[in-house]
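Next comes run_38.cif, with mmCIF, C-alpha atoms and all ligand atoms.
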```cif
data_query
#
loop_
_atom_site.label_atom_id
_atom_site.label_comp_id
_atom_site.auth_asym_id
_atom_site.auth_seq_id
_atom_site.Cartn_x
_atom_site.Cartn_y
_atom_site.Cartn_z
CA MET A 1 10.06 -3.38 -0.01
CA LYS A 2 7.90 -6.34 -1.16
CA ARG A 3 9.30 -9.84 -0.87
CA ALA A 4 8.56 -12.66 -3.30
CA ILE A 5 9.50 -16.30 -3.80
CA VAL A 6 9.54 -17.52 -7.41
CA THR A 7 9.73 -21.31 -7.88
CA GLY A 8 11.52 -22.80 -10.88
CA ALA A 9 13.44 -19.53 -11.15
CA ALA A 10 16.79 -20.96 -12.29
CA ALA A 11 15.66 -21.04 -15.93
CA GLY A 12 13.06 -20.11 -18.52
CA ILE A 13 10.00 -18.08 -17.58
CA GLY A 14 10.69 -18.28 -13.83
CA ARG A 15 14.08 -16.69 -14.27
CA VAL A 16 12.54 -13.75 -16.14
CA ILE A 17 9.77 -13.37 -13.52
CA ALA A 18 12.50 -13.23 -10.84
CA GLU A 19 14.49 -10.66 -12.86
CA ARG A 20 11.46 -8.45 -13.53
CA ALA A 21 10.33 -8.65 -9.90
CA ALA A 22 13.81 -7.66 -8.70
CA ALA A 23 13.84 -4.78 -11.20
CA ALA A 24 10.46 -3.67 -9.79
CA GLY A 25 11.97 -3.50 -6.29
CA TYR A 26 11.06 -6.88 -4.80
CA GLN A 27 13.50 -8.89 -2.74
CA VAL A 28 13.34 -12.25 -4.51
CA GLY A 29 13.78 -15.81 -3.27
CA VAL A 30 15.08 -17.67 -6.33
CA LEU A 31 13.82 -21.20 -5.64
CA ASP A 32 14.80 -24.20 -7.74
CA LEU A 33 15.74 -27.86 -7.57
CA ASP A 34 18.85 -26.84 -9.51
CA ALA A 35 20.99 -25.36 -6.70
CA GLU A 36 23.75 -24.06 -8.97
CA GLY A 37 21.26 -22.47 -11.36
CA ALA A 38 19.36 -20.79 -8.52
CA ARG A 39 22.61 -19.39 -7.10
CA ALA A 40 23.72 -18.13 -10.51
CA VAL A 41 20.42 -16.26 -11.01
CA ALA A 42 20.34 -14.91 -7.43
CA ASP A 43 23.92 -13.63 -7.84
CA THR A 44 22.77 -11.35 -10.69
CA LEU A 45 19.86 -9.80 -8.73
CA ASP A 46 20.07 -7.13 -6.03
CA GLY A 47 19.42 -8.64 -2.58
CA ALA A 48 18.12 -11.95 -3.97
CA ILE A 49 18.38 -15.18 -1.98
CA ALA A 50 18.96 -18.57 -3.61
CA LEU A 51 16.67 -21.28 -2.21
CA THR A 52 17.35 -24.89 -3.14
CA ALA A 53 14.21 -26.96 -2.76
CA ASP A 54 12.18 -29.73 -4.34
CA VAL A 55 8.56 -28.57 -4.52
CA THR A 56 7.36 -32.18 -4.64
CA ASP A 57 8.59 -32.62 -1.06
CA ALA A 58 6.46 -30.81 1.55
CA THR A 59 9.33 -30.66 4.06
CA SER A 60 11.71 -29.20 1.48
CA ALA A 61 9.11 -26.61 0.41
CA GLU A 62 8.42 -25.59 4.03
CA ALA A 63 12.14 -25.33 4.82
CA ALA A 64 12.69 -23.00 1.84
CA VAL A 65 9.83 -20.70 2.88
CA GLU A 66 11.17 -20.68 6.42
CA ARG A 67 14.71 -19.89 5.21
CA PHE A 68 13.39 -16.92 3.19
CA GLY A 69 11.55 -15.77 6.33
CA PRO A 70 8.72 -13.28 6.83
CA PRO A 71 7.26 -11.11 5.54
CA LEU A 72 6.34 -12.97 2.38
CA ASP A 73 4.14 -10.87 0.08
CA LEU A 74 4.08 -12.97 -3.08
CA LEU A 75 4.58 -16.61 -4.02
CA VAL A 76 4.88 -17.37 -7.74
CA ASN A 77 4.23 -21.09 -8.31
CA ASN A 78 6.09 -21.37 -11.60
CA ALA A 79 8.05 -24.66 -11.38
CA GLY A 80 6.58 -27.16 -13.80
CA ILE A 81 7.44 -30.02 -16.12
CA VAL A 82 5.97 -31.70 -19.18
CA VAL A 83 6.64 -35.23 -20.39
CA PHE A 84 5.88 -35.07 -24.12
CA GLY A 85 4.14 -38.02 -25.78
CA PRO A 86 0.66 -39.49 -26.21
CA LEU A 87 -1.27 -40.19 -23.05
CA LEU A 88 -1.41 -43.94 -23.66
CA GLU A 89 2.36 -44.08 -24.02
CA GLN A 90 3.00 -42.35 -20.70
CA THR A 91 4.28 -44.61 -17.97
CA PRO A 92 2.57 -44.41 -14.59
CA GLU A 93 5.84 -42.86 -13.39
CA ASP A 94 5.71 -40.12 -16.10
CA PHE A 95 2.15 -39.32 -15.07
CA ARG A 96 2.86 -39.38 -11.35
CA ARG A 97 5.97 -37.21 -11.67
CA THR A 98 4.05 -34.58 -13.68
CA VAL A 99 1.27 -34.48 -11.09
CA GLU A 100 3.80 -34.31 -8.27
CA VAL A 101 5.81 -31.38 -9.65
CA ASN A 102 2.96 -29.38 -11.18
CA LEU A 103 0.01 -29.92 -8.85
CA LEU A 104 1.38 -31.22 -5.55
CA GLY A 105 4.28 -28.75 -5.87
CA CYS A 106 1.82 -25.83 -6.08
CA PHE A 107 -0.09 -27.16 -3.07
CA HIS A 108 3.04 -27.68 -0.92
CA MET A 109 4.36 -24.21 -1.71
CA ALA A 110 0.96 -22.48 -1.37
CA ARG A 111 0.38 -24.14 2.00
CA ALA A 112 3.82 -23.24 3.35
CA ALA A 113 3.55 -19.68 2.00
CA ALA A 114 -0.01 -19.03 3.22
CA LEU A 115 0.95 -20.12 6.74
CA GLN A 116 3.82 -17.60 6.61
CA MET A 117 1.60 -14.76 5.24
CA SER A 118 0.19 -13.56 8.57
CA GLU A 119 -0.26 -9.99 7.24
CA GLY A 120 -1.92 -11.04 3.97
CA GLY A 121 -0.27 -11.89 0.68
CA HIS A 122 -0.73 -13.23 -2.82
CA ILE A 123 -0.19 -16.58 -4.56
CA VAL A 124 0.11 -16.54 -8.35
CA SER A 125 0.34 -19.92 -10.07
CA ILE A 126 1.44 -20.40 -13.68
CA THR A 127 -1.02 -22.62 -15.53
CA SER A 128 -1.22 -23.01 -19.34
CA ILE A 129 -3.77 -22.76 -22.13
CA ASN A 130 -3.29 -26.58 -22.24
CA GLY A 131 -5.29 -26.65 -19.02
CA ILE A 132 -8.22 -25.03 -20.84
CA THR A 133 -7.97 -26.84 -24.17
CA PRO A 134 -5.61 -29.84 -24.15
CA GLY A 135 -2.82 -30.04 -26.71
CA PRO A 136 -2.13 -33.52 -28.09
CA GLY A 137 1.05 -35.29 -27.02
CA THR A 138 1.43 -33.53 -23.70
CA GLY A 139 0.72 -36.43 -21.33
CA ALA A 140 -0.56 -35.51 -17.87
CA TYR A 141 0.34 -31.83 -18.33
CA PRO A 142 -3.12 -30.46 -19.35
CA ALA A 143 -4.86 -32.28 -16.49
CA THR A 144 -2.40 -30.85 -13.96
CA LYS A 145 -2.81 -27.31 -15.30
CA ALA A 146 -6.63 -27.52 -15.15
CA ALA A 147 -6.28 -28.76 -11.57
CA ILE A 148 -3.97 -25.86 -10.64
CA ALA A 149 -6.61 -23.41 -11.91
CA GLN A 150 -9.19 -25.04 -9.65
CA LEU A 151 -6.73 -25.11 -6.72
CA THR A 152 -6.27 -21.37 -7.30
CA ARG A 153 -10.01 -20.73 -7.08
CA GLN A 154 -10.24 -22.80 -3.90
CA LEU A 155 -7.31 -20.93 -2.33
CA ALA A 156 -9.03 -17.66 -3.27
CA ILE A 157 -12.26 -18.49 -1.47
CA GLU A 158 -10.60 -20.08 1.55
CA CYS A 159 -7.75 -17.61 2.11
CA GLY A 160 -9.56 -14.34 1.35
CA GLU A 161 -10.51 -13.85 4.99
CA ARG A 162 -6.77 -13.84 5.81
CA ARG A 163 -6.28 -11.17 3.07
CA ILE A 164 -4.42 -13.65 0.91
CA ARG A 165 -5.35 -13.49 -2.79
CA ALA A 166 -4.80 -16.34 -5.26
CA ASN A 167 -4.66 -15.94 -9.02
CA ALA A 168 -3.28 -17.80 -12.03
CA VAL A 169 -1.55 -16.72 -15.23
CA SER A 170 -2.16 -18.99 -18.21
CA PRO A 171 0.53 -18.60 -20.89
CA GLY A 172 -0.10 -19.44 -24.56
CA PHE A 173 2.67 -20.18 -27.11
CA ILE A 174 5.73 -18.87 -25.27
CA ASP A 175 9.16 -18.66 -26.88
CA ALA A 176 11.08 -19.69 -23.77
CA GLY A 177 11.90 -22.53 -21.42
CA MET A 178 10.34 -25.91 -22.11
CA SER A 179 9.02 -24.74 -25.52
CA GLU A 180 12.37 -23.51 -26.86
CA PRO A 181 13.14 -26.85 -28.62
CA ILE A 182 9.73 -26.70 -30.38
CA TYR A 183 10.27 -23.17 -31.72
CA ALA A 184 13.86 -23.89 -32.77
CA ASP A 185 12.27 -25.37 -35.92
CA PRO A 186 11.65 -22.32 -38.17
CA GLU A 187 8.63 -23.93 -39.86
CA VAL A 188 6.86 -24.68 -36.57
CA ARG A 189 7.75 -21.21 -35.39
CA ALA A 190 6.26 -19.54 -38.48
CA ARG A 191 3.10 -21.70 -38.40
CA ARG A 192 2.50 -21.12 -34.71
CA SER A 193 3.20 -17.37 -34.93
CA ALA A 194 0.79 -17.03 -37.87
CA GLY A 195 -1.93 -18.80 -35.82
CA VAL A 196 -1.78 -16.15 -33.09
CA PRO A 197 -4.07 -13.15 -33.75
CA LEU A 198 -1.23 -10.82 -32.67
CA GLY A 199 1.06 -12.56 -35.17
CA ARG A 200 3.85 -13.47 -32.77
CA LEU A 201 4.82 -15.93 -30.08
CA GLY A 202 4.66 -14.73 -26.48
CA THR A 203 7.75 -14.03 -24.42
CA ALA A 204 8.72 -14.73 -20.83
CA VAL A 205 8.50 -10.96 -20.28
CA ASP A 206 4.81 -11.02 -21.32
CA ILE A 207 4.20 -13.56 -18.54
CA ALA A 208 6.29 -11.68 -15.95
CA ASN A 209 4.37 -8.47 -16.75
CA ALA A 210 1.05 -10.25 -16.11
CA VAL A 211 2.26 -11.59 -12.75
CA LEU A 212 3.46 -8.14 -11.66
CA PHE A 213 0.23 -6.51 -12.83
CA LEU A 214 -1.85 -8.95 -10.74
CA ASP A 215 0.35 -8.25 -7.73
CA SER A 216 0.24 -4.47 -8.21
CA GLU A 217 -2.21 -2.01 -6.65
CA ALA A 218 -4.06 -2.05 -9.99
CA GLY A 219 -4.83 -5.75 -9.44
CA ALA A 220 -5.72 -5.48 -5.76
CA TYR A 221 -9.36 -6.62 -6.11
CA ILE A 222 -8.64 -9.50 -8.51
CA ASN A 223 -8.98 -12.82 -6.70
CA GLY A 224 -9.50 -16.35 -8.02
CA HIS A 225 -8.89 -15.27 -11.62
CA GLU A 226 -7.01 -17.14 -14.37
CA LEU A 227 -5.51 -14.51 -16.65
CA VAL A 228 -4.92 -15.92 -20.14
CA VAL A 229 -1.85 -14.34 -21.76
CA ASP A 230 -1.83 -15.81 -25.27
CA GLY A 231 -2.15 -13.02 -27.85
CA GLY A 232 -5.76 -14.17 -28.43
CA VAL A 233 -4.92 -17.65 -29.75
CA MET A 234 -7.54 -19.34 -27.53
CA HIS A 235 -10.27 -17.44 -29.37
CA SER A 236 -9.03 -18.19 -32.88
CA LEU A 237 -10.49 -21.69 -33.30
CA LEU A 238 -13.01 -20.73 -36.00
CA ASP A 239 -10.30 -18.85 -37.87
CA GLN A 240 -8.15 -22.02 -37.94
CA LEU A 241 -10.80 -24.14 -39.68
CA PRO A 242 -11.19 -23.92 -43.46
CA ARG A 243 -14.47 -22.39 -44.72
CA GLU A 244 -14.74 -24.76 -47.69
N1 LIG B 1 7.42 -22.30 -21.96
C1 LIG B 1 6.16 -22.39 -22.36
O1 LIG B 1 5.85 -22.41 -23.54
C2 LIG B 1 5.05 -22.46 -21.34
C3 LIG B 1 3.73 -22.30 -21.79
C4 LIG B 1 2.69 -22.39 -20.87
C5 LIG B 1 2.97 -22.57 -19.52
N2 LIG B 1 4.28 -22.72 -19.11
C6 LIG B 1 4.52 -22.93 -17.68
O2 LIG B 1 5.45 -21.97 -17.23
C7 LIG B 1 6.21 -22.52 -16.14
C8 LIG B 1 7.70 -22.37 -16.43
O3 LIG B 1 7.99 -23.13 -17.59
P1 LIG B 1 9.37 -22.97 -18.40
O4 LIG B 1 9.02 -23.13 -19.83
O5 LIG B 1 10.10 -21.76 -17.96
O6 LIG B 1 10.12 -24.31 -17.93
P2 LIG B 1 11.67 -24.63 -17.74
O7 LIG B 1 11.78 -26.12 -17.91
O8 LIG B 1 12.53 -23.76 -18.57
O9 LIG B 1 11.93 -24.25 -16.21
C9 LIG B 1 11.33 -24.96 -15.16
C10 LIG B 1 12.17 -24.78 -13.91
O10 LIG B 1 11.52 -25.51 -12.86
C11 LIG B 1 12.52 -26.20 -12.10
N3 LIG B 1 11.94 -27.37 -11.47
C12 LIG B 1 11.50 -28.52 -12.05
N4 LIG B 1 11.10 -29.40 -11.12
C13 LIG B 1 11.26 -28.80 -9.91
C14 LIG B 1 11.02 -29.21 -8.57
N5 LIG B 1 10.56 -30.43 -8.30
N6 LIG B 1 11.29 -28.34 -7.58
C15 LIG B 1 11.78 -27.10 -7.84
N7 LIG B 1 12.05 -26.66 -9.10
C16 LIG B 1 11.79 -27.50 -10.12
C17 LIG B 1 13.56 -26.61 -13.16
O11 LIG B 1 14.82 -26.91 -12.54
C18 LIG B 1 13.60 -25.35 -14.03
O12 LIG B 1 14.55 -24.41 -13.58
C19 LIG B 1 5.76 -23.98 -16.00
O13 LIG B 1 4.79 -24.08 -14.98
C20 LIG B 1 5.14 -24.27 -17.34
O14 LIG B 1 4.18 -25.30 -17.28
C21 LIG B 1 5.31 -22.67 -19.99
#
```

When written as structure tokens, how does the structure in this file appear?
Ligand SMILES: NC(=O)c1ccc[n+]([C@@H]2O[C@H](COP(=O)([O-])OP(=O)(O)OC[C@H]3O[C@@H](n4cnc5c(N)ncnc54)[C@H](O)[C@@H]3O)[C@@H](O)[C@H]2O)c1
Amino acid sequence: MKRAIVTGAAAGIGRVIAERAAAAGYQVGVLDLDAEGARAVADTLDGAIALTADVTDATSAEAAVERFGPPLDLLVNNAGIVVFGPLLEQTPEDFRRTVEVNLLGCFHMARAAALQMSEGGHIVSITSINGITPGPGTGAYPATKAAIAQLTRQLAIECGERRIRANAVSPGFIDAGMSEPIYADPEVRARRSAGVPLGRLGTAVDIANAVLFLDSEAGAYINGHELVVDGGVMHSLLDQLPRE
């Protein structure tokens, strides 16, 4: 049986990744800052273990990995936050907090996990298309997601000799978690859906499927890759601009 820790798994996309991994036969460590939420999710999954931890704190991250214990086959760095608003209106604290959860959190967890993965393993971090082309009004978020993609590539080249792979999954417009309030507005929902070549928003299941594909035998030689899962929206720029 494979064993996986999913961070930020009490809610949103992380919860669905944890559910799909458990359904695929993994024993899952449901890690979240929200202790009650993590326990509630773990209680619904066969053999799952709730892990309360703050990924911004190296000691807390290490303790959670230790509590889960070896072997650890897969870490999914999913915990993330966004502080909406223009960059110039972000406080230094908004910016620092976003960097700490999104980027430092991935580093703390990747470091703790890689040290535990003595027989090889895999680290999948959830980035965002905002890290490739920044969306306005998203503060420090795009910069952190671009940095996570680079951290992934560095992990891939440095950890390969220990048979640890590192990859990223970059979601597009996803109808879940932190974006739910945006898509609650039917007009925004219709406009955004129409802008996606596949004509729909993505789901948390689309993201979970990509993570499990990368971790499967079919993905065994993929290392240092950022897999964009966006229904093609990143390629639709020219289609968005009027011809006349
Ligand atoms: N929802 C989207 O549209 C979307 C799109 C692109 C990328 N993403 C990325 O997907 C990931 C999941 O996003 P979501 O929409 O499910 O968010 P969400 O807000 O629904 O869930 C995030 C989870 O992370 C946990 N968390 C926050 N800070 C933490 C910390 N310091 N330590 C441990 N856990 C912490 C929260 O308690 C929460 O359960 C994020 O990395 C996000 O950037 C989401």

Please provide as a ChimeraX atom specification all residues within 7 Å of Ile81 (chain A), with the sequence filter that same-chain residues fewer than 6 positions apart are discarded (counting all atoms listed in the file). /A:98,101-102

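Atom pair atom O6 of ligand LIG 1 (chain B) / CA of Ala10 (chain A) has a distance of 9.4 Å (rounded to one decimal).
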
Within 9 Å of ligand LIG 1 (chain B), counting all atoms listed in the file, which protein or nucleic acid residues do you find, written as a ChimeraX atom specification? /A:7-16,31-35,37-38,52-57,61,77-82,97,100-102,105,125-130,141,145,169-180,182,202-204,207

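Atom pair CA of Val65 (chain A) / CA of Gly29 (chain A): separated by 8.8 Å.
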
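Counting all atoms listed in the file, the residue from A:Leu87, A:Ala146, A:Ile164, A:Ala50 that sits nearest to Leu74 (chain A) is A:Ile164.
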
Atomic distance CA of Ala23 (chain A) - CA of Val41 (chain A), expressed in Å with one decimal: 13.2 Å

Padding 4 Å on each side, edges along x, y and z: where is the centre of the box around the listed atoms of region 219-224 of chain A, and how long are its edges in Å to one decimal? Output it as lines of an AutoDock Vina configuration file.
```
center_x = -7.2
center_y = -10.9
center_z = -7.6
size_x = 12.7
size_y = 18.9
size_z = 11.7
```

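Excluding Ala22 (chain A) itself and any same-chain residue fewer than 6 positions from it, the protein and nucleic acid residues within 12 Å of it, counting all atoms listed in the file, are Met1, Lys2, Arg3, Ala4, Ile5, Val6, Arg15, Val16, Val28, Gly29, Val30, Val41, Ala42, Asp43, Thr44, Leu45, Asp46, Gly47, Ala48, Ile49, Ala208 and Leu212 of chain A.
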
Since the input is missing atoms for region 168-179 of chain A, could you rebuild it with all heavy atoms and give the result as a compact mmCIF listing (two decimals), in the frame of the given file?
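Contents of the output file selection-v3.txt:
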```
# COMPACT_ATOMS: atom_id res chain seq x y z
N ALA A 168 -4.10 -16.99 -11.13
CA ALA A 168 -3.28 -17.80 -12.03
C ALA A 168 -3.01 -17.01 -13.30
O ALA A 168 -3.81 -16.16 -13.71
CB ALA A 168 -4.00 -19.10 -12.36
N VAL A 169 -1.87 -17.28 -13.91
CA VAL A 169 -1.55 -16.72 -15.23
C VAL A 169 -1.38 -17.90 -16.18
O VAL A 169 -0.62 -18.84 -15.88
CB VAL A 169 -0.26 -15.87 -15.18
CG1 VAL A 169 0.19 -15.48 -16.59
CG2 VAL A 169 -0.47 -14.61 -14.34
N SER A 170 -2.13 -17.87 -17.27
CA SER A 170 -2.16 -18.99 -18.21
C SER A 170 -1.47 -18.60 -19.51
O SER A 170 -2.06 -17.94 -20.37
CB SER A 170 -3.64 -19.34 -18.47
OG SER A 170 -3.73 -20.41 -19.37
N PRO A 171 -0.19 -18.99 -19.67
CA PRO A 171 0.53 -18.60 -20.89
C PRO A 171 0.07 -19.40 -22.11
O PRO A 171 -0.33 -20.55 -22.00
CB PRO A 171 1.99 -18.94 -20.57
CG PRO A 171 2.05 -19.20 -19.09
CD PRO A 171 0.69 -19.69 -18.71
N GLY A 172 0.17 -18.75 -23.29
CA GLY A 172 -0.10 -19.44 -24.56
C GLY A 172 1.18 -20.00 -25.14
O GLY A 172 1.93 -20.69 -24.45
N PHE A 173 1.45 -19.69 -26.43
CA PHE A 173 2.67 -20.18 -27.11
C PHE A 173 3.83 -19.26 -26.70
O PHE A 173 3.95 -18.15 -27.23
CB PHE A 173 2.50 -20.13 -28.62
CG PHE A 173 1.36 -20.96 -29.17
CD1 PHE A 173 0.82 -20.68 -30.42
CD2 PHE A 173 0.84 -22.04 -28.46
CE1 PHE A 173 -0.22 -21.44 -30.95
CE2 PHE A 173 -0.20 -22.81 -28.98
CZ PHE A 173 -0.72 -22.51 -30.23
N ILE A 174 4.66 -19.73 -25.80
CA ILE A 174 5.73 -18.87 -25.27
C ILE A 174 7.09 -19.33 -25.78
O ILE A 174 7.45 -20.52 -25.67
CB ILE A 174 5.72 -18.87 -23.71
CG1 ILE A 174 4.33 -18.50 -23.18
CG2 ILE A 174 6.79 -17.93 -23.18
CD1 ILE A 174 3.81 -17.13 -23.57
N ASP A 175 7.85 -18.38 -26.30
CA ASP A 175 9.16 -18.66 -26.88
C ASP A 175 10.21 -18.65 -25.77
O ASP A 175 11.04 -17.74 -25.72
CB ASP A 175 9.45 -17.58 -27.94
CG ASP A 175 10.70 -17.90 -28.73
OD1 ASP A 175 11.16 -19.05 -28.68
OD2 ASP A 175 11.22 -16.97 -29.39
N ALA A 176 10.14 -19.63 -24.90
CA ALA A 176 11.08 -19.69 -23.77
C ALA A 176 10.96 -21.05 -23.11
O ALA A 176 9.99 -21.79 -23.33
CB ALA A 176 10.74 -18.60 -22.73
N GLY A 177 11.95 -21.36 -22.29
CA GLY A 177 11.90 -22.53 -21.42
C GLY A 177 11.60 -23.83 -22.13
O GLY A 177 12.22 -24.15 -23.15
N MET A 178 10.63 -24.56 -21.62
CA MET A 178 10.34 -25.91 -22.11
C MET A 178 9.88 -25.93 -23.57
O MET A 178 9.91 -26.99 -24.20
CB MET A 178 9.29 -26.59 -21.21
CG MET A 178 7.98 -25.85 -21.13
SD MET A 178 6.67 -26.73 -20.24
CE MET A 178 7.25 -26.81 -18.58
N SER A 179 9.46 -24.77 -24.13
CA SER A 179 9.02 -24.74 -25.52
C SER A 179 10.13 -24.34 -26.49
O SER A 179 9.92 -24.39 -27.71
CB SER A 179 7.85 -23.75 -25.68
OG SER A 179 6.75 -24.22 -24.97
```
